[in-house]
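Below is query_0.cif, which holds mmCIF, C-alpha atoms.
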```
data_entry
loop_
_atom_site.label_atom_id
_atom_site.label_comp_id
_atom_site.auth_asym_id
_atom_site.auth_seq_id
_atom_site.Cartn_x
_atom_site.Cartn_y
_atom_site.Cartn_z
CA MET B 1 214.16 164.86 96.85
CA ILE B 2 215.06 167.18 99.73
CA ASP B 3 213.04 168.11 102.83
CA GLY B 4 209.92 166.23 101.84
CA VAL B 5 209.73 167.72 98.36
CA ILE B 6 209.02 164.68 96.24
CA ASN B 7 209.79 164.36 92.57
CA THR B 8 206.48 162.69 91.76
CA PRO B 9 207.04 161.60 88.15
CA TYR B 10 210.48 160.18 88.94
CA SER B 11 209.17 158.37 92.03
CA LEU B 12 206.37 156.85 89.95
CA ILE B 13 208.89 155.65 87.36
CA LEU B 14 211.09 154.03 90.03
CA ILE B 15 208.09 152.26 91.58
CA ALA B 16 207.00 151.03 88.14
CA VAL B 17 210.53 149.70 87.53
CA MET B 18 210.62 147.91 90.91
CA ALA B 19 207.16 146.42 90.38
CA ALA B 20 208.05 145.26 86.86
CA VAL B 21 211.35 143.64 87.91
CA THR B 22 209.72 141.87 90.89
CA ALA B 23 206.92 140.51 88.68
CA PHE B 24 209.44 139.52 86.01
CA VAL B 25 211.40 137.39 88.51
CA ARG B 26 208.23 135.68 89.74
CA PHE B 27 206.86 135.07 86.24
CA SER B 28 210.05 133.86 84.55
CA PRO B 29 209.78 130.11 85.39
CA PHE B 30 206.23 130.13 84.01
CA ILE B 31 207.36 131.99 80.89
CA LEU B 32 210.33 129.63 80.36
CA PHE B 33 208.17 126.53 80.79
CA PRO B 34 204.63 127.36 79.67
CA GLU B 35 201.59 125.16 80.31
CA GLY B 36 201.10 122.31 77.89
CA ARG B 37 204.67 122.35 76.58
CA LYS B 38 206.96 119.45 77.42
CA ARG B 39 209.76 120.49 79.76
CA PRO B 40 213.11 118.84 80.56
CA ARG B 41 212.82 116.17 83.24
CA VAL B 42 215.50 117.87 85.30
CA ILE B 43 213.15 120.85 85.70
CA THR B 44 210.34 118.64 86.96
CA TYR B 45 212.82 116.97 89.31
CA LEU B 46 214.04 120.36 90.64
CA GLY B 47 210.42 121.32 91.20
CA THR B 48 209.99 118.36 93.55
CA VAL B 49 213.14 118.88 95.65
CA LEU B 50 213.40 122.69 95.65
CA PRO B 51 210.62 123.33 98.21
CA TYR B 52 212.66 121.49 100.85
CA ALA B 53 215.87 123.34 100.01
CA VAL B 54 214.09 126.70 99.66
CA ILE B 55 212.44 126.52 103.09
CA GLY B 56 215.86 125.75 104.55
CA MET B 57 217.21 128.75 102.67
CA LEU B 58 214.39 131.00 103.96
CA VAL B 59 214.99 130.01 107.58
CA VAL B 60 218.62 131.11 107.24
CA TYR B 61 217.49 134.20 105.27
CA CYS B 62 215.51 135.32 108.35
CA PHE B 63 218.76 135.41 110.33
CA LYS B 64 220.66 137.52 107.81
CA GLY B 65 220.55 140.79 109.76
CA LYS B 66 221.57 139.16 113.06
CA SER B 67 225.09 138.76 114.35
CA VAL B 68 226.37 135.70 116.19
CA ILE B 69 229.51 137.49 117.37
CA GLU B 70 227.87 140.56 118.94
CA TYR B 71 225.44 140.77 121.89
CA PRO B 72 222.90 139.13 122.15
CA TYR B 73 224.55 136.56 119.85
CA CYS B 74 221.26 135.40 118.25
CA ILE B 75 220.34 133.83 121.60
CA PRO B 76 216.71 135.11 121.57
CA GLU B 77 216.27 133.87 117.98
CA LEU B 78 217.73 130.45 118.75
CA LEU B 79 215.80 130.01 122.03
CA ALA B 80 212.53 130.89 120.29
CA ALA B 81 213.45 128.58 117.39
CA ALA B 82 214.05 125.73 119.84
CA LEU B 83 210.63 126.35 121.40
CA VAL B 84 208.96 126.39 117.97
CA VAL B 85 210.64 123.13 116.93
CA GLY B 86 209.91 121.36 120.23
CA LEU B 87 206.32 122.51 120.39
CA HIS B 88 205.69 121.62 116.77
CA VAL B 89 207.15 118.12 117.01
CA TRP B 90 205.03 117.61 120.12
CA LYS B 91 201.66 119.12 119.08
CA ARG B 92 201.90 119.50 115.27
CA ASN B 93 199.72 122.63 115.48
CA THR B 94 201.06 125.39 113.21
CA LEU B 95 199.18 128.29 114.81
CA LEU B 96 200.14 127.23 118.32
CA SER B 97 203.82 126.81 117.38
CA VAL B 98 204.03 130.15 115.52
CA PHE B 99 202.21 132.27 118.07
CA ALA B 100 203.90 130.70 121.10
CA GLY B 101 207.25 131.28 119.37
CA VAL B 102 206.41 134.92 118.63
CA ALA B 103 205.14 135.61 122.16
CA PHE B 104 208.25 134.03 123.69
CA TYR B 105 210.52 135.95 121.32
CA MET B 106 208.78 139.27 122.09
CA VAL B 107 209.24 138.68 125.82
CA LEU B 108 212.90 137.84 125.25
CA VAL B 109 213.78 140.91 123.14
CA GLN B 110 211.62 143.38 125.08
CA LEU B 111 212.18 142.27 128.67
CA VAL B 112 215.17 139.95 128.93
CA PHE B 113 217.83 140.94 126.40
CA MET H 1 182.83 124.24 99.52
CA THR H 2 183.78 127.86 98.93
CA LYS H 3 183.08 128.76 102.55
CA ARG H 4 185.09 125.78 103.77
CA THR H 5 187.93 126.63 101.40
CA PHE H 6 187.96 130.25 102.55
CA LYS H 7 188.02 129.21 106.20
CA ARG H 8 190.96 126.93 105.57
CA ALA H 9 192.85 129.60 103.60
CA PHE H 10 192.14 132.13 106.35
CA ARG H 11 193.35 129.76 109.07
CA ASP H 12 196.55 128.99 107.16
CA SER H 13 197.14 132.70 106.57
CA LEU H 14 196.97 133.72 110.25
CA PRO H 15 200.75 133.50 110.92
CA ILE H 16 201.23 135.66 107.82
CA LEU H 17 198.63 138.14 109.11
CA ALA H 18 200.75 138.82 112.20
CA GLY H 19 204.01 139.02 110.23
CA TYR H 20 202.73 141.17 107.37
CA LEU H 21 200.98 143.69 109.60
CA ALA H 22 204.20 144.14 111.56
CA LEU H 23 206.61 144.18 108.62
CA GLY H 24 204.25 146.27 106.50
CA PHE H 25 203.85 148.72 109.38
CA GLY H 26 207.61 149.11 109.62
CA PHE H 27 207.79 149.82 105.90
CA GLY H 28 205.01 152.42 106.10
CA VAL H 29 206.72 154.23 108.97
CA LEU H 30 210.02 154.26 107.07
CA LEU H 31 208.45 155.56 103.86
CA GLU H 32 206.49 158.25 105.69
CA SER H 33 209.65 159.39 107.48
CA LYS H 34 211.13 160.22 104.05
CA GLY H 35 208.23 162.55 103.31
CA TYR H 36 206.01 160.22 101.29
CA SER H 37 202.30 160.21 102.15
CA PHE H 38 200.33 157.00 102.73
CA TRP H 39 199.18 157.00 99.09
CA TRP H 40 202.71 156.00 98.15
CA ALA H 41 202.62 153.14 100.66
CA ILE H 42 199.37 151.91 99.11
CA LEU H 43 200.76 152.23 95.59
CA MET H 44 203.93 150.30 96.42
CA SER H 45 202.26 147.55 98.44
CA VAL H 46 199.61 147.00 95.77
CA THR H 47 201.99 146.92 92.79
CA MET H 48 205.15 145.36 94.28
CA PHE H 49 204.00 143.13 97.15
CA ALA H 50 207.57 142.40 98.22
CA GLY H 51 208.93 142.90 101.74
CA SER H 52 212.67 143.36 101.43
CA GLY H 53 212.23 144.81 97.93
CA GLN H 54 210.02 147.60 99.26
CA TYR H 55 212.30 148.35 102.21
CA ALA H 56 215.20 148.79 99.80
CA GLY H 57 212.87 150.75 97.52
CA VAL H 58 212.52 153.45 100.18
CA ASP H 59 216.27 154.05 99.92
CA PHE H 60 216.13 154.21 96.12
CA LEU H 61 213.28 156.73 96.23
CA ALA H 62 214.70 158.90 99.00
CA GLY H 63 218.25 158.70 97.64
CA GLY H 64 217.23 159.45 94.06
CA ALA H 65 218.75 156.25 92.67
CA THR H 66 219.06 155.85 88.91
CA ILE H 67 216.60 153.64 87.04
CA LEU H 68 219.36 151.17 86.20
CA THR H 69 220.55 150.86 89.82
CA THR H 70 216.96 150.45 91.00
CA ALA H 71 216.25 147.73 88.45
CA PHE H 72 219.51 145.88 89.13
CA MET H 73 219.24 146.02 92.92
CA THR H 74 215.59 144.95 92.86
CA LEU H 75 216.60 142.00 90.69
CA ILE H 76 219.29 140.94 93.18
CA ILE H 77 217.08 141.39 96.25
CA ASN H 78 214.16 139.45 94.77
CA ALA H 79 216.17 136.82 92.90
CA ARG H 80 215.14 134.12 95.38
CA HIS H 81 211.60 134.32 93.98
CA PHE H 82 212.95 132.89 90.74
CA PHE H 83 213.05 129.45 92.40
CA TYR H 84 209.43 129.41 93.50
CA GLY H 85 207.74 128.97 90.15
CA PHE H 86 209.64 125.78 89.38
CA SER H 87 207.81 123.80 92.04
CA LEU H 88 204.46 125.34 91.10
CA LEU H 89 204.49 124.69 87.33
CA ASP H 90 202.09 121.78 87.84
CA LYS H 91 200.26 123.07 90.92
CA TYR H 92 199.29 126.30 89.19
CA LYS H 93 198.39 124.55 85.93
CA GLY H 94 194.82 125.24 84.80
CA MET H 95 194.27 128.07 87.28
CA GLY H 96 192.67 130.13 84.51
CA ILE H 97 192.33 133.88 84.85
CA ALA H 98 193.54 133.84 88.46
CA LYS H 99 196.93 132.43 87.45
CA PRO H 100 198.71 135.72 86.65
CA TYR H 101 197.58 137.10 90.01
CA LEU H 102 198.75 133.97 91.85
CA ILE H 103 202.19 134.28 90.24
CA PHE H 104 202.33 138.03 90.89
CA GLY H 105 201.62 137.34 94.57
CA LEU H 106 204.30 134.67 95.05
CA THR H 107 205.95 136.05 98.18
CA ASP H 108 208.19 133.90 100.42
CA GLU H 109 205.33 133.33 102.81
CA THR H 110 202.59 132.59 100.25
CA TYR H 111 204.94 130.22 98.45
CA SER H 112 205.85 128.28 101.57
CA VAL H 113 202.22 127.82 102.59
CA VAL H 114 201.15 126.84 99.04
CA CYS H 115 203.98 124.29 98.92
CA SER H 116 203.27 122.72 102.27
CA ALA H 117 199.46 122.84 102.56
CA LYS H 118 197.95 119.36 102.39
CA LEU H 119 194.55 119.85 100.80
CA ASP H 120 191.94 117.08 100.64
CA ASP H 121 189.07 116.89 98.14
CA THR H 122 186.71 118.99 100.25
CA ILE H 123 188.91 122.00 99.45
CA SER H 124 188.91 123.67 96.05
CA LYS H 125 192.61 124.08 95.31
CA ARG H 126 192.04 126.85 92.79
CA LYS H 127 190.01 128.92 95.22
CA TYR H 128 192.32 128.11 98.11
CA TYR H 129 195.38 129.46 96.29
CA PHE H 130 193.46 132.57 95.26
CA PHE H 131 192.07 133.27 98.74
CA LEU H 132 195.46 132.72 100.36
CA THR H 133 197.26 135.05 97.92
CA ALA H 134 194.57 137.74 98.14
CA LEU H 135 194.38 137.59 101.95
CA ASP H 136 198.17 137.89 102.23
CA HIS H 137 198.12 140.81 99.81
CA LEU H 138 195.37 142.48 101.83
CA TYR H 139 197.31 142.06 105.11
CA TRP H 140 200.38 143.53 103.47
CA ILE H 141 198.55 146.56 102.02
CA THR H 142 196.85 147.13 105.40
CA GLY H 143 200.14 146.96 107.32
CA CYS H 144 201.99 149.29 104.93
CA THR H 145 199.15 151.82 104.87
CA LEU H 146 198.67 151.83 108.65
CA GLY H 147 202.39 152.39 109.16
CA ALA H 148 202.39 155.40 106.87
CA VAL H 149 199.19 156.85 108.40
CA ILE H 150 200.05 156.31 112.06
CA GLY H 151 203.75 157.01 111.52
CA GLY H 152 205.50 155.11 114.24
CA VAL H 153 203.45 156.02 117.30
CA LEU H 154 201.99 152.87 118.83
CA PRO H 155 200.67 152.64 122.40
CA PHE H 156 202.48 149.32 122.86
CA SER H 157 205.79 147.87 121.74
CA ASN H 158 205.52 145.47 118.85
CA GLU H 159 209.24 144.74 118.79
CA GLY H 160 209.83 141.13 117.83
CA ILE H 161 206.42 140.44 116.29
CA ASP H 162 208.06 140.00 112.89
CA TYR H 163 209.46 136.76 114.28
CA ALA H 164 206.15 135.31 113.00
CA MET H 165 207.82 134.89 109.60
CA THR H 166 210.84 133.05 111.02
CA ALA H 167 208.57 130.85 113.14
CA LEU H 168 206.37 130.05 110.14
CA PHE H 169 209.35 128.95 108.04
CA ILE H 170 210.71 126.86 110.94
CA VAL H 171 207.31 125.15 111.37
CA ILE H 172 207.18 124.35 107.65
CA LEU H 173 210.75 123.04 107.80
CA VAL H 174 209.76 120.75 110.70
CA GLU H 175 206.59 119.61 108.89
CA GLN H 176 208.59 118.78 105.77
CA TRP H 177 211.25 117.04 107.84
CA LEU H 178 208.65 114.81 109.53
CA SER H 179 206.86 114.05 106.27
CA THR H 180 209.84 112.58 104.39
CA LYS H 181 212.76 110.24 105.00
CA GLU H 182 214.97 112.14 102.53
CA HIS H 183 216.42 115.06 104.46
CA LEU H 184 219.27 115.92 102.12
CA PRO H 185 217.53 118.78 100.21
CA ALA H 186 216.55 120.52 103.47
CA ILE H 187 220.05 120.09 104.91
CA LEU H 188 221.62 121.40 101.70
CA GLY H 189 219.31 124.41 101.74
CA VAL H 190 220.22 125.34 105.33
CA VAL H 191 223.95 124.59 105.17
CA THR H 192 224.61 126.11 101.73
CA THR H 193 222.76 129.32 102.59
CA ALA H 194 224.47 129.60 105.98
CA VAL H 195 227.91 129.13 104.42
CA CYS H 196 227.14 131.69 101.69
CA LEU H 197 225.88 134.15 104.31
CA CYS H 198 229.20 133.87 106.15
CA VAL H 199 231.32 134.04 102.99
CA PHE H 200 229.49 136.70 100.96
CA GLY H 201 227.86 138.75 103.72
CA PRO H 202 224.20 139.70 104.28
CA ASP H 203 223.79 141.75 101.08
CA MET H 204 225.25 139.42 98.46
CA PHE H 205 224.69 135.85 99.65
CA ILE H 206 221.36 134.87 98.16
CA ILE H 207 222.31 134.51 94.48
CA PRO H 208 225.47 132.45 95.20
CA ALA H 209 223.39 130.34 97.61
CA MET H 210 220.66 129.75 94.99
CA THR H 211 223.18 128.88 92.29
CA LEU H 212 225.00 126.43 94.57
CA ILE H 213 221.76 124.81 95.78
CA ALA H 214 220.54 124.26 92.21
CA PHE H 215 223.96 122.89 91.26
CA GLU H 216 224.08 120.51 94.23
CA LEU H 217 220.56 119.25 93.61
CA VAL H 218 221.35 118.54 89.96
CA ILE H 219 224.54 116.66 90.95
CA LEU H 220 222.57 114.61 93.49
CA ARG H 221 219.77 113.88 91.06
CA LYS H 222 220.46 110.14 90.88
CA ARG H 223 219.94 109.81 94.58
CA LEU H 224 217.08 112.26 94.99
CA ASP H 225 215.01 111.92 91.83
CA LYS H 226 211.72 110.23 92.72
CA THR H 227 209.83 111.39 89.62
CA GLN H 228 208.87 108.68 87.13
CA PRO H 229 211.79 107.93 84.81
CA GLU H 230 210.96 107.87 81.12
CA ALA H 231 210.45 104.47 79.50
CA SER H 232 213.49 105.00 77.30
CA GLN H 233 215.81 105.21 80.29
CA PRO H 234 215.51 101.90 82.14
CA SER H 235 219.16 101.99 83.18
CA GLU H 236 218.54 105.11 85.25
CA LYS H 237 215.82 103.34 87.20
CA THR H 238 218.08 100.52 88.30
CA GLU H 239 220.78 102.97 89.29
CA VAL H 240 218.35 104.79 91.53
CA LYS H 241 217.55 101.53 93.26
CA GLN H 242 221.20 100.71 93.76
CA ASP H 243 221.81 104.07 95.36
CA ASP H 244 219.14 103.43 97.97
#
```

Let me see whether you can do it: turn the structure in this file into structure tokens.
Amino acid sequence: MIDGVINTPYSLILIAVMAAVTAFVRFSPFILFPEGRKRPRVITYLGTVLPYAVIGMLVVYCFKGKSVIEYPYCIPELLAAALVVGLHVWKRNTLLSVFAGVAFYMVLVQLVF
Amino acid sequence: MTKRTFKRAFRDSLPILAGYLALGFGFGVLLESKGYSFWWAILMSVTMFAGSGQYAGVDFLAGGATILTTAFMTLIINARHFFYGFSLLDKYKGMGIAKPYLIFGLTDETYSVVCSAKLDDTISKRKYYFFLTALDHLYWITGCTLGAVIGGVLPFSNEGIDYAMTALFIVILVEQWLSTKEHLPAILGVVTTAVCLCVFGPDMFIIPAMTLIAFELVILRKRLDKTQPEASQPSEKTEVKQDD
């Protein structure tokens, strides 16, 4: 693929492969443990504790492209995170916490840092 | 009930609306810059519905990656989704014909809202999950398509709007933290992933992190397992009590 000349059949194949692999990953737990079949208790147990661990994992995942040793040292991200946490503990309103955090972060990255 | 359920799903999806339009837009711009028209953006967002997977996909397409590389890299990038189904085996039970679509649409954001939404009896769970997944999908397709059509020229700067995703995950983390006395799984999730990010770097950390988290949770099962022990294992029950 050079200068905008697209190899259409090959591109379609690659997209089909990516779509199939993504779906495969998402479907595999349901294929491994189908409805109505008894599953090991450890799997049921993991199902109850994983959401807590996974959300923790996703929060860190959001920081993966940012550096703490180069300017601006994740300061905008951490300041906005502090606002989100504080506001949410105080008001417990998801929309308010998210949108205030985003607005604050946008001001920080566009005007301050 | 349907109207009420839809309203609730729509309200819960609003943070995702902001994030998906912004992230999808970025993807569309990137794809278009490699010479692909907006039809490709529609095709990819409809069939894949995966943020980081699609961003990487642009490189595979433009760089002419082999099928094997594409499959392997997509598997690594989206491996974290493997965890999600385990906590939804019961929640998504009996979802009927919508179930395959719900599983197909299990993005990070849809999963975290499905996991944390507290639904009372005035809400139809089945419809709620469907509306939420379909709305998120629609936002994503819209964002990707707009990016490819408009191609990067916006009259205002939207830099930083993708922080909606980070903020949403932080809010859910706080909600979960306030709703339980057992904070160990959340702490393990954050600390293990952070350590793996430092050790393995931003491209390779997620699979080691997942493996370690699963391993740690299994080791700590005696302390953390609150599911009903089977009748044949009374000794386990007493041990759980002792640990508390």

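Relative to atom CA of B:Thr22, atom CA of B:Leu50 is found at 20.1 Å.
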
What residues in chain B have any atom no more than 7 Å from chain H when counting only C-alpha atoms, and can you write them as a ChimeraX atom specification?
-> /B:1,4,11,14-15,17-19,21-23,25-30,35,45,47-60,62,64-65,81,84-85,88,94-95,98,101-102,105-106,109-110

Write the selection just made, keeping C-alpha atoms, as a short mmCIF file (atom, residue, chain, number, x, y, z; two decimals), in the frame of the given file?
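Result file follows (out32.cif):
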```cif
data_model
loop_
_atom_site.label_atom_id
_atom_site.label_comp_id
_atom_site.auth_asym_id
_atom_site.auth_seq_id
_atom_site.Cartn_x
_atom_site.Cartn_y
_atom_site.Cartn_z
CA MET B 1 214.16 164.86 96.85
CA GLY B 4 209.92 166.23 101.84
CA SER B 11 209.17 158.37 92.03
CA LEU B 14 211.09 154.03 90.03
CA ILE B 15 208.09 152.26 91.58
CA VAL B 17 210.53 149.70 87.53
CA MET B 18 210.62 147.91 90.91
CA ALA B 19 207.16 146.42 90.38
CA VAL B 21 211.35 143.64 87.91
CA THR B 22 209.72 141.87 90.89
CA ALA B 23 206.92 140.51 88.68
CA VAL B 25 211.40 137.39 88.51
CA ARG B 26 208.23 135.68 89.74
CA PHE B 27 206.86 135.07 86.24
CA SER B 28 210.05 133.86 84.55
CA PRO B 29 209.78 130.11 85.39
CA PHE B 30 206.23 130.13 84.01
CA GLU B 35 201.59 125.16 80.31
CA TYR B 45 212.82 116.97 89.31
CA GLY B 47 210.42 121.32 91.20
CA THR B 48 209.99 118.36 93.55
CA VAL B 49 213.14 118.88 95.65
CA LEU B 50 213.40 122.69 95.65
CA PRO B 51 210.62 123.33 98.21
CA TYR B 52 212.66 121.49 100.85
CA ALA B 53 215.87 123.34 100.01
CA VAL B 54 214.09 126.70 99.66
CA ILE B 55 212.44 126.52 103.09
CA GLY B 56 215.86 125.75 104.55
CA MET B 57 217.21 128.75 102.67
CA LEU B 58 214.39 131.00 103.96
CA VAL B 59 214.99 130.01 107.58
CA VAL B 60 218.62 131.11 107.24
CA CYS B 62 215.51 135.32 108.35
CA LYS B 64 220.66 137.52 107.81
CA GLY B 65 220.55 140.79 109.76
CA ALA B 81 213.45 128.58 117.39
CA VAL B 84 208.96 126.39 117.97
CA VAL B 85 210.64 123.13 116.93
CA HIS B 88 205.69 121.62 116.77
CA THR B 94 201.06 125.39 113.21
CA LEU B 95 199.18 128.29 114.81
CA VAL B 98 204.03 130.15 115.52
CA GLY B 101 207.25 131.28 119.37
CA VAL B 102 206.41 134.92 118.63
CA TYR B 105 210.52 135.95 121.32
CA MET B 106 208.78 139.27 122.09
CA VAL B 109 213.78 140.91 123.14
CA GLN B 110 211.62 143.38 125.08
#
```

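If you look at atom CA of B:Leu79 and atom CA of H:Tyr20, they are 22.6 Å away from each other.
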
Quick one: of H:Met1, H:Arg126, H:Val29, H:Phe6, who's nearest to H:Leu154, counting all atoms listed in the file?
-> H:Val29

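Between atom CA of H:Ile97 and atom CA of B:Ile13 there is a distance of 27.5 Å.
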
Where's the centre, and what are the edge lengths in Å to one decimal, of a box along x, y and z enclosing all listed atoms of stretch 144-148 of chain H padded 8 Å per side, as lines of an AutoDock Vina configuration file?
```
center_x = 200.5
center_y = 152.3
center_z = 107.0
size_x = 19.7
size_y = 22.1
size_z = 20.3
```

Kindly resolve the PyMOL selection byres ((chain H and resi 28) around 7) on the present coordinates and return the residues as a ChimeraX atom specification.
-> /H:24-27,29-32,41,144-148

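The smallest atom-to-atom distance between B:Phe113 and any of B:Ala82, B:Ile75, B:Val68, B:Leu87, using all atoms listed in the file, is found for B:Ile75.
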
Pick the closest to B:Phe99 from H:Arg4, H:Leu212, H:Leu132, H:Leu17: which is it, counting all atoms listed in the file?
-> H:Leu17

Is it possible to produce a file of stretch 6-47 of chain B from this structure, with C-alpha atoms, as a PDB file, in the first residue's frame?
```
ATOM      1  CA  ILE B   6      -5.039   0.345  -1.168  1.00  0.00           C
ATOM      2  CA  ASN B   7      -4.860  -3.390  -1.605  1.00  0.00           C
ATOM      3  CA  THR B   8      -8.574  -3.892  -1.001  1.00  0.00           C
ATOM      4  CA  PRO B   9      -8.790  -7.693  -0.750  1.00  0.00           C
ATOM      5  CA  TYR B  10      -5.790  -7.879   1.576  1.00  0.00           C
ATOM      6  CA  SER B  11      -7.129  -5.039   3.754  1.00  0.00           C
ATOM      7  CA  LEU B  12     -10.474  -6.826   4.014  1.00  0.00           C
ATOM      8  CA  ILE B  13      -8.728 -10.032   5.076  1.00  0.00           C
ATOM      9  CA  LEU B  14      -6.723  -8.219   7.778  1.00  0.00           C
ATOM     10  CA  ILE B  15      -9.864  -6.538   9.131  1.00  0.00           C
ATOM     11  CA  ALA B  16     -11.672  -9.891   9.180  1.00  0.00           C
ATOM     12  CA  VAL B  17      -8.739 -11.422  11.099  1.00  0.00           C
ATOM     13  CA  MET B  18      -8.708  -8.567  13.645  1.00  0.00           C
ATOM     14  CA  ALA B  19     -12.480  -8.736  14.109  1.00  0.00           C
ATOM     15  CA  ALA B  20     -12.391 -12.522  14.535  1.00  0.00           C
ATOM     16  CA  VAL B  21      -9.540 -12.466  17.079  1.00  0.00           C
ATOM     17  CA  THR B  22     -11.193  -9.673  19.103  1.00  0.00           C
ATOM     18  CA  ALA B  23     -14.511 -11.545  19.190  1.00  0.00           C
ATOM     19  CA  PHE B  24     -12.716 -14.790  20.044  1.00  0.00           C
ATOM     20  CA  VAL B  25     -11.096 -13.202  23.122  1.00  0.00           C
ATOM     21  CA  ARG B  26     -14.428 -11.785  24.298  1.00  0.00           C
ATOM     22  CA  PHE B  27     -16.350 -15.013  23.681  1.00  0.00           C
ATOM     23  CA  SER B  28     -13.842 -17.483  25.146  1.00  0.00           C
ATOM     24  CA  PRO B  29     -15.005 -17.405  28.810  1.00  0.00           C
ATOM     25  CA  PHE B  30     -18.569 -18.060  27.629  1.00  0.00           C
ATOM     26  CA  ILE B  31     -17.389 -20.886  25.366  1.00  0.00           C
ATOM     27  CA  LEU B  32     -15.251 -22.440  28.137  1.00  0.00           C
ATOM     28  CA  PHE B  33     -18.095 -22.268  30.663  1.00  0.00           C
ATOM     29  CA  PRO B  34     -21.397 -22.501  28.781  1.00  0.00           C
ATOM     30  CA  GLU B  35     -24.804 -21.778  30.310  1.00  0.00           C
ATOM     31  CA  GLY B  36     -26.349 -24.600  32.275  1.00  0.00           C
ATOM     32  CA  ARG B  37     -23.101 -26.523  32.728  1.00  0.00           C
ATOM     33  CA  LYS B  38     -21.585 -26.744  36.198  1.00  0.00           C
ATOM     34  CA  ARG B  39     -18.330 -24.808  36.450  1.00  0.00           C
ATOM     35  CA  PRO B  40     -15.479 -25.018  38.978  1.00  0.00           C
ATOM     36  CA  ARG B  41     -16.126 -22.942  42.089  1.00  0.00           C
ATOM     37  CA  VAL B  42     -12.847 -21.119  41.628  1.00  0.00           C
ATOM     38  CA  ILE B  43     -14.235 -19.665  38.378  1.00  0.00           C
ATOM     39  CA  THR B  44     -17.359 -18.392  40.122  1.00  0.00           C
ATOM     40  CA  TYR B  45     -15.133 -16.953  42.847  1.00  0.00           C
ATOM     41  CA  LEU B  46     -12.889 -15.194  40.274  1.00  0.00           C
ATOM     42  CA  GLY B  47     -16.016 -13.778  38.672  1.00  0.00           C
TER      43      GLY B  47
END
```
